[in-house]
file model19.cif (mmCIF, C-alpha atoms)
data_upload
#
loop_
_atom_site.label_atom_id
_atom_site.label_comp_id
_atom_site.auth_asym_id
_atom_site.auth_seq_id
_atom_site.Cartn_x
_atom_site.Cartn_y
_atom_site.Cartn_z
CA MET L 1 24.25 -84.53 45.07
CA GLY L 2 20.68 -84.55 43.86
CA ALA L 3 19.60 -86.72 40.98
CA VAL L 4 21.54 -85.80 37.83
CA PRO L 5 19.32 -85.77 34.74
CA LYS L 6 19.95 -88.21 31.92
CA PRO L 7 22.07 -86.49 29.26
CA PRO L 8 20.46 -85.66 25.89
CA LYS L 9 21.14 -87.93 22.92
CA GLY L 10 24.70 -87.70 21.67
CA HIS L 11 25.98 -86.50 25.05
CA PHE L 12 27.39 -87.79 28.32
CA ASN L 13 27.61 -86.40 31.85
CA VAL L 14 30.79 -85.69 33.80
CA LEU L 15 30.09 -85.69 37.54
CA TYR L 16 32.04 -83.40 39.84
CA PHE L 17 32.73 -84.13 43.51
CA ALA L 18 34.31 -82.28 46.43
CA SER L 19 37.03 -79.89 45.28
CA ALA L 20 36.09 -80.42 41.62
CA SER L 21 32.54 -79.40 42.42
CA SER L 22 33.69 -76.38 44.42
CA PHE L 23 36.07 -75.28 41.66
CA THR L 24 33.47 -75.49 38.88
CA SER L 25 30.56 -74.45 41.10
CA ARG L 26 28.73 -77.33 39.45
CA GLU L 27 27.70 -80.90 40.21
CA TYR L 28 28.08 -82.00 36.60
CA ASP L 29 28.72 -80.94 33.03
CA THR L 30 27.19 -82.40 29.87
CA LEU L 31 29.59 -82.95 26.98
CA PRO L 32 29.12 -84.13 23.39
CA ALA L 33 29.95 -87.78 22.64
CA PRO L 34 31.95 -89.57 21.47
CA LEU L 35 35.08 -88.20 23.14
CA PRO L 36 38.41 -90.04 23.39
CA ILE L 37 39.40 -90.26 27.03
CA ASN L 38 42.72 -88.53 26.39
CA LYS L 39 40.82 -85.42 25.24
CA LEU L 40 38.69 -85.24 28.39
CA PHE L 41 40.93 -83.03 30.48
CA ASP L 42 41.55 -80.55 27.65
CA THR L 43 37.81 -80.38 27.02
CA LEU L 44 37.14 -79.63 30.68
CA GLU L 45 39.92 -77.02 30.67
CA GLU L 46 38.13 -75.19 27.84
CA ARG L 47 35.06 -74.89 30.04
CA HIS L 48 36.83 -74.29 33.35
CA ASN L 49 40.09 -72.44 33.03
CA GLY L 50 42.76 -73.77 35.37
CA ILE L 51 40.97 -77.00 36.24
CA LYS L 52 43.68 -79.25 34.81
CA ASP L 53 46.39 -77.81 36.96
CA LYS L 54 44.44 -77.07 40.13
CA ILE L 55 42.13 -80.06 40.28
CA LEU L 56 42.43 -82.75 37.61
CA SER L 57 46.13 -83.33 38.17
CA SER L 58 45.31 -84.93 41.53
CA CYS L 59 42.09 -86.70 40.48
CA LEU L 60 41.15 -90.14 39.29
CA VAL L 61 38.49 -90.70 36.64
CA THR L 62 35.75 -93.31 36.46
CA VAL L 63 33.64 -94.30 33.47
CA ASN L 64 30.50 -96.28 34.27
CA LEU L 65 31.74 -97.03 37.79
CA ASN L 66 35.16 -98.30 36.67
CA TYR L 67 38.44 -96.47 37.13
CA VAL L 68 40.19 -95.66 33.87
CA ASP L 69 43.71 -94.54 33.05
CA ILE L 70 44.10 -91.15 31.52
CA PRO L 71 47.07 -91.30 29.15
CA ASP L 72 49.26 -88.24 29.48
CA ASN L 73 50.38 -86.15 26.54
CA ASN L 74 53.72 -87.93 26.33
CA ASN L 75 52.19 -91.34 26.22
CA ASN L 76 50.20 -91.41 23.02
CA THR L 77 49.90 -94.81 21.45
CA ASN L 78 49.23 -94.34 17.78
CA ASN L 79 48.51 -97.27 15.61
CA GLN L 80 49.48 -97.47 11.97
CA ASP L 81 47.05 -94.99 10.49
CA GLY L 82 47.71 -92.31 13.14
CA VAL L 83 44.53 -92.86 15.15
CA GLU L 84 45.19 -92.87 18.89
CA SER L 85 44.11 -96.07 20.59
CA GLY L 86 42.41 -96.01 23.95
CA LEU L 87 39.00 -95.64 25.54
CA VAL L 88 36.40 -93.48 23.79
CA ILE L 89 33.58 -92.10 25.93
CA GLN L 90 30.19 -92.85 24.36
CA GLU L 91 26.83 -91.14 24.72
CA SER L 92 25.11 -91.72 28.07
CA ASP L 93 28.32 -93.01 29.68
CA GLU L 94 28.67 -91.79 33.28
CA VAL L 95 32.07 -90.17 33.77
CA ALA L 96 33.16 -88.88 37.18
CA ILE L 97 36.04 -86.79 38.46
CA ILE L 98 37.27 -88.33 41.71
CA PRO L 99 39.40 -86.05 43.92
CA PRO L 100 41.53 -87.64 46.66
CA VAL L 101 39.03 -89.29 49.00
CA SER L 102 38.53 -88.52 52.68
CA SER L 103 36.20 -91.26 53.82
CA GLY L 104 35.96 -92.64 57.34
CA MET B 1 20.80 -94.07 35.45
CA GLU B 2 19.70 -96.94 37.71
CA SER B 3 17.65 -96.13 40.82
CA GLN B 4 19.55 -94.94 43.87
CA SER B 5 20.08 -97.75 46.37
CA ASN B 6 21.75 -96.84 49.63
CA GLU B 7 22.55 -100.30 50.90
CA ILE B 8 23.81 -103.65 49.65
CA ASN B 9 23.51 -106.93 51.54
CA GLU B 10 25.42 -109.79 49.95
CA ASN B 11 27.00 -113.01 51.24
CA GLY B 12 27.65 -111.86 54.80
CA CYS B 13 28.63 -108.32 53.77
CA TYR B 14 26.42 -105.35 54.53
CA VAL B 15 27.30 -101.85 53.32
CA ALA B 16 25.24 -98.71 53.51
CA LEU B 17 25.21 -94.93 53.25
CA THR B 18 22.80 -92.92 55.37
CA HIS B 19 22.05 -89.40 56.47
CA GLU B 20 20.64 -90.68 59.77
CA HIS B 21 22.45 -91.20 63.07
CA LEU B 22 24.45 -94.41 62.98
CA ARG B 23 23.18 -97.21 65.16
CA VAL B 24 25.83 -99.14 67.01
CA GLN B 25 23.66 -101.92 68.46
CA GLU B 26 21.96 -102.56 65.16
CA THR B 27 25.31 -102.79 63.40
CA ILE B 28 26.69 -105.25 65.93
CA ASP B 29 23.53 -107.31 65.62
CA ARG B 30 23.97 -107.43 61.84
CA VAL B 31 27.24 -109.33 62.10
CA ARG B 32 26.29 -111.47 65.12
CA SER B 33 26.63 -115.17 64.33
CA PRO B 34 26.43 -118.44 66.25
CA GLN B 35 29.74 -119.39 64.61
CA ALA B 36 31.46 -116.22 65.80
CA GLY B 37 33.42 -115.97 69.05
CA ALA B 38 34.22 -112.30 68.62
CA ILE B 39 32.68 -109.11 67.29
CA VAL B 40 34.84 -106.03 66.82
CA LEU B 41 33.24 -102.65 66.21
CA PHE B 42 35.01 -99.52 65.06
CA ALA B 43 33.28 -96.14 65.32
CA GLY B 44 34.89 -93.10 63.72
CA THR B 45 33.81 -89.90 65.40
CA THR B 46 34.14 -86.21 64.56
CA ARG B 47 37.00 -84.67 66.48
CA ASP B 48 36.82 -81.04 67.55
CA ASN B 49 40.13 -80.05 66.02
CA PHE B 50 42.44 -80.70 63.13
CA ALA B 51 46.13 -80.09 63.96
CA GLY B 52 45.03 -77.90 66.83
CA LYS B 53 42.65 -75.79 64.77
CA PRO B 54 39.09 -75.91 66.10
CA VAL B 55 36.67 -77.69 63.79
CA LYS B 56 33.05 -76.63 63.90
CA GLU B 57 31.59 -79.66 62.10
CA LEU B 58 32.24 -82.10 59.28
CA GLN B 59 30.17 -82.54 56.15
CA TYR B 60 30.40 -85.72 54.17
CA SER B 61 29.37 -86.20 50.57
CA ALA B 62 29.67 -89.26 48.36
CA TYR B 63 29.57 -90.65 44.86
CA ASN B 64 26.96 -93.06 46.16
CA SER B 65 27.11 -95.81 43.57
CA MET B 66 30.92 -95.94 43.57
CA ALA B 67 31.16 -95.69 47.35
CA LEU B 68 28.82 -98.64 47.84
CA LYS B 69 30.63 -100.65 45.18
CA THR B 70 34.00 -99.98 46.77
CA MET B 71 32.75 -100.61 50.32
CA LEU B 72 31.32 -103.96 49.23
CA SER B 73 34.54 -104.91 47.53
CA ILE B 74 36.53 -104.06 50.68
CA CYS B 75 34.14 -106.04 52.88
CA LYS B 76 34.29 -109.08 50.61
CA GLY B 77 38.07 -108.84 50.63
CA VAL B 78 38.47 -108.78 54.42
CA LEU B 79 35.81 -111.44 54.85
CA ALA B 80 37.74 -113.81 52.61
CA ARG B 81 41.26 -112.95 53.79
CA HIS B 82 40.45 -113.21 57.51
CA GLY B 83 37.86 -115.98 57.45
CA LEU B 84 35.19 -113.75 58.96
CA ASN B 85 31.59 -114.68 59.56
CA SER B 86 30.22 -111.29 58.63
CA VAL B 87 31.15 -107.64 57.99
CA ALA B 88 29.12 -104.45 58.11
CA MET B 89 30.28 -101.01 57.02
CA ILE B 90 28.02 -97.96 57.27
CA HIS B 91 29.07 -94.43 56.38
CA ARG B 92 27.08 -91.39 57.40
CA LEU B 93 26.63 -88.51 54.98
CA GLY B 94 25.70 -84.87 55.47
CA THR B 95 26.58 -82.87 58.56
CA VAL B 96 28.15 -84.85 61.41
CA PRO B 97 28.47 -82.78 64.59
CA ILE B 98 31.45 -83.02 66.93
CA GLY B 99 31.62 -86.29 68.83
CA GLU B 100 29.15 -88.16 66.63
CA GLU B 101 29.92 -91.26 64.57
CA SER B 102 30.59 -90.86 60.88
CA ILE B 103 31.43 -94.48 60.20
CA LEU B 104 30.77 -97.85 61.78
CA ILE B 105 32.59 -101.02 60.84
CA ALA B 106 31.65 -104.28 62.55
CA VAL B 107 33.27 -107.65 61.90
CA SER B 108 32.56 -111.04 63.41
CA ALA B 109 34.95 -113.99 63.39
CA PRO B 110 35.32 -117.38 65.04
CA HIS B 111 38.36 -116.06 66.97
CA ARG B 112 39.33 -112.63 68.20
CA GLN B 113 42.68 -112.16 66.43
CA ALA B 114 41.08 -112.19 62.99
CA ALA B 115 38.36 -109.80 64.17
CA TRP B 116 40.83 -107.18 65.45
CA ARG B 117 43.00 -107.38 62.34
CA ALA B 118 40.11 -107.39 59.89
CA GLY B 119 38.47 -104.41 61.54
CA GLU B 120 41.64 -102.37 61.25
CA GLU B 121 42.29 -103.48 57.69
CA ALA B 122 38.75 -102.67 56.62
CA LEU B 123 39.04 -99.15 58.00
CA GLU B 124 42.42 -98.49 56.39
CA GLU B 125 41.14 -99.76 53.04
CA CYS B 126 38.04 -97.62 53.39
CA LYS B 127 40.06 -94.48 54.08
CA LYS B 128 42.20 -95.14 51.02
CA HIS B 129 39.51 -95.95 48.50
CA VAL B 130 35.88 -95.25 49.38
CA GLU B 131 34.47 -92.39 47.32
CA VAL B 132 33.34 -90.20 50.19
CA TRP B 133 34.69 -86.72 50.86
CA LYS B 134 34.86 -84.81 54.11
CA ARG B 135 34.63 -81.06 54.27
CA GLU B 136 35.89 -79.46 57.45
CA GLU B 137 34.10 -76.34 58.57
CA PHE B 138 36.26 -74.13 60.76
CA GLU B 139 35.00 -71.31 62.93
CA GLY B 140 34.85 -68.09 60.95
CA GLU B 141 36.78 -69.45 57.97
CA GLU B 142 36.01 -71.05 54.66
CA GLY B 143 35.68 -74.83 54.81
CA VAL B 144 38.25 -77.11 53.22
CA TRP B 145 38.02 -80.48 51.52
CA ARG B 146 40.26 -83.01 53.27
CA ALA B 147 42.36 -85.61 51.50
CA ASN B 148 43.18 -88.72 53.52
CA ARG B 149 46.13 -89.69 51.37
CA ASP B 150 48.58 -87.08 52.51
CA GLY B 151 47.36 -86.65 56.08
CA ALA B 152 48.00 -82.98 55.47
CA PRO B 153 45.60 -80.11 55.94
CA GLY B 154 43.16 -79.74 53.06
CA GLN B 155 43.80 -77.15 50.38
CA ILE B 156 41.52 -74.17 50.04
CA MET B 157 40.65 -74.25 46.35
CA GLU B 158 40.37 -70.89 44.69
CA LYS B 159 37.34 -70.53 42.51
CA GLU B 160 38.25 -70.30 38.85
CA ALA B 161 38.50 -66.76 37.50
CA GLY B 162 35.22 -65.25 36.46
CA HIS B 163 33.03 -67.20 38.89
#
call {"tool": "encode", "arguments": {"input": "model19.cif", "output": "structure tokens"}}
result
Amino acid sequence: MGAVPKPPKGHFNVLYFASASSFTSREYDTLPAPLPINKLFDTLEERHNGIKDKILSSCLVTVNLNYVDIPDNNNNTNNQDGVESGLVIQESDEVAIIPPVSSG
Amino acid sequence: MESQSNEINENGCYVALTHEHLRVQETIDRVRSPQAGAIVLFAGTTRDNFAGKPVKELQYSAYNSMALKTMLSICKGVLARHGLNSVAMIHRLGTVPIGEESILIAVSAPHRQAAWRAGEEALEECKKHVEVWKREEFEGEEGVWRANRDGAPGQIMEKEAGH
């Protein structure tokens, strides 16, 4: 892909590759930060209907070049005051949707 | 975002992404070492068919920074596990016509057994993990994104409704 512009303040970029890029017809989206990681897929679904089922279900996710787990809906870990624990995406983080690779 | 680098050279490991033709002699020379008794080179080339269906060409795209990071990690791993002298892994991006190399992996080792094994292991690790994607263009049909992991034909992804 060409150079992706730095996101505006209070936002982060989600990079799309391969089938994710074909499905969305985009190389990236810019989303408002902060965003808890377990809300990422739902947020993308709002913008791209069907993406969860058709694409994201078979993808991995990286944040700042590290793979992260996406907790599923049945796996919430709530601490005492009801706030879900887990990674929160911050402004200017680089998030990427990684479809099954076909290198070599 | 940090500046785009397309190669990393670290502690006997060389990894790179390029849109240019891959250079076999140069890659072998990269891993050549007075302490090595063997150099093994793997070249992956574009085949003219997938499961009997004629393939017109392959197009490769990458998440460059992740691909380089992962390639380096794989190279460091095989270097350590097999006691290699040096490893080089170069992946070509963009359109790769039939018969041309899309990937070169070269390893050098004091003895040949380690070189054979490490070369194979490096390729298998690469195909599992490196963040590069291959799109097969068939004659007269829409291209498909391959997925190494199932060894099955790629899925044609429908565009989302409204696009």
call {"tool": "interface_residues", "arguments": {"input": "model19.cif", "of": "chain B", "to": "chain L", "cutoff": "6 Å", "atoms": "all atoms listed in the file", "output": "list in words"}}
result
Met66, Ile103, Lys127, Val130, Glu131, Val132, Trp133, Lys134, Arg146, Ala147, Asn148 and Lys159 of chain B
call {"tool": "write_last_selection", "arguments": {"input": "model19.cif", "atoms": "C-alpha atoms", "output": "tab-separated table (two decimals), keeping the file's coordinate frame"}}
result
chain	number	residue	atom	x	y	z
B	66	MET	CA	30.92	-95.94	43.57
B	103	ILE	CA	31.43	-94.48	60.20
B	127	LYS	CA	40.06	-94.48	54.08
B	130	VAL	CA	35.88	-95.25	49.38
B	131	GLU	CA	34.47	-92.39	47.32
B	132	VAL	CA	33.34	-90.20	50.19
B	133	TRP	CA	34.69	-86.72	50.86
B	134	LYS	CA	34.86	-84.81	54.11
B	146	ARG	CA	40.26	-83.01	53.27
B	147	ALA	CA	42.36	-85.61	51.50
B	148	ASN	CA	43.18	-88.72	53.52
B	159	LYS	CA	37.34	-70.53	42.51
call {"tool": "closest_residue", "arguments": {"input": "model19.cif", "among": "L:Val88, L:Leu31, L:Leu56, L:Ile37", "to": "Asp69 of chain L", "atoms": "only C-alpha atoms"}}
result
L:Ile37
call {"tool": "residues_around", "arguments": {"input": "model19.cif", "residues": "Gly83 of chain B", "least_positions_apart": "2", "cutoff": "10 Å", "atoms": "all atoms listed in the file", "output": "number ranges by chain"}}
result
B: 77-81, 85-86, 108-111, 114-115, 118
call {"tool": "atom_distance", "arguments": {"input": "model19.cif", "atom1": "atom CA of Cys59 of chain L", "atom2": "atom CA of Arg149 of chain B"}}
result
12.0 Å
call {"tool": "resolve_selection", "arguments": {"input": "model19.cif", "expression": "the PyMOL selection byres ((chain B and resi 17) around 9)", "output": "PyMOL selection string"}}
result
chain B and resi 6-7+15-16+18-19+62+64+67-68+89-93
call {"tool": "atom_distance", "arguments": {"input": "model19.cif", "atom1": "atom CA of Arg47 of chain B", "atom2": "atom CA of Val96 of chain B"}}
result
10.2 Å
call {"tool": "closest_residue", "arguments": {"input": "model19.cif", "among": "L:Ile70, L:Leu87, L:Pro32, L:Ser58", "to": "Asn13 of chain L", "atoms": "only C-alpha atoms"}}
result
L:Pro32
call {"tool": "atom_distance", "arguments": {"input": "model19.cif", "atom1": "atom CA of Gly12 of chain B", "atom2": "atom CA of Ala38 of chain B"}}
result
15.3 Å
call {"tool": "closest_residue", "arguments": {"input": "model19.cif", "among": "L:Tyr28, L:Leu35, L:Gly86, L:Lys52", "to": "Pro71 of chain L", "atoms": "all atoms listed in the file"}}
result
L:Gly86
call {"tool": "closest_residue", "arguments": {"input": "model19.cif", "among": "B:Ile105, B:Ala122, B:Ile98, B:Leu84", "to": "Gln35 of chain B", "atoms": "all atoms listed in the file"}}
result
B:Leu84
call {"tool": "resolve_selection", "arguments": {"input": "model19.cif", "expression": "the PyMOL selection byres ((chain B and resi 59) around 9)", "output": "list of chain:residue names"}}
result
B:Glu57, B:Leu58, B:Tyr60, B:Ser61, B:Leu93, B:Gly94, B:Thr95, B:Val96, B:Pro97, B:Trp133, B:Lys134, B:Arg135, B:Glu136, B:Glu137
call {"tool": "residues_around", "arguments": {"input": "model19.cif", "residues": "Ile28 of chain B", "least_positions_apart": "6", "cutoff": "10 Å", "atoms": "all atoms listed in the file", "output": "list in words"}}
result
Ile39, Val40, Leu41, Val87, Ala88, Leu104, Ile105, Ala106, Val107 and Ser108 of chain B
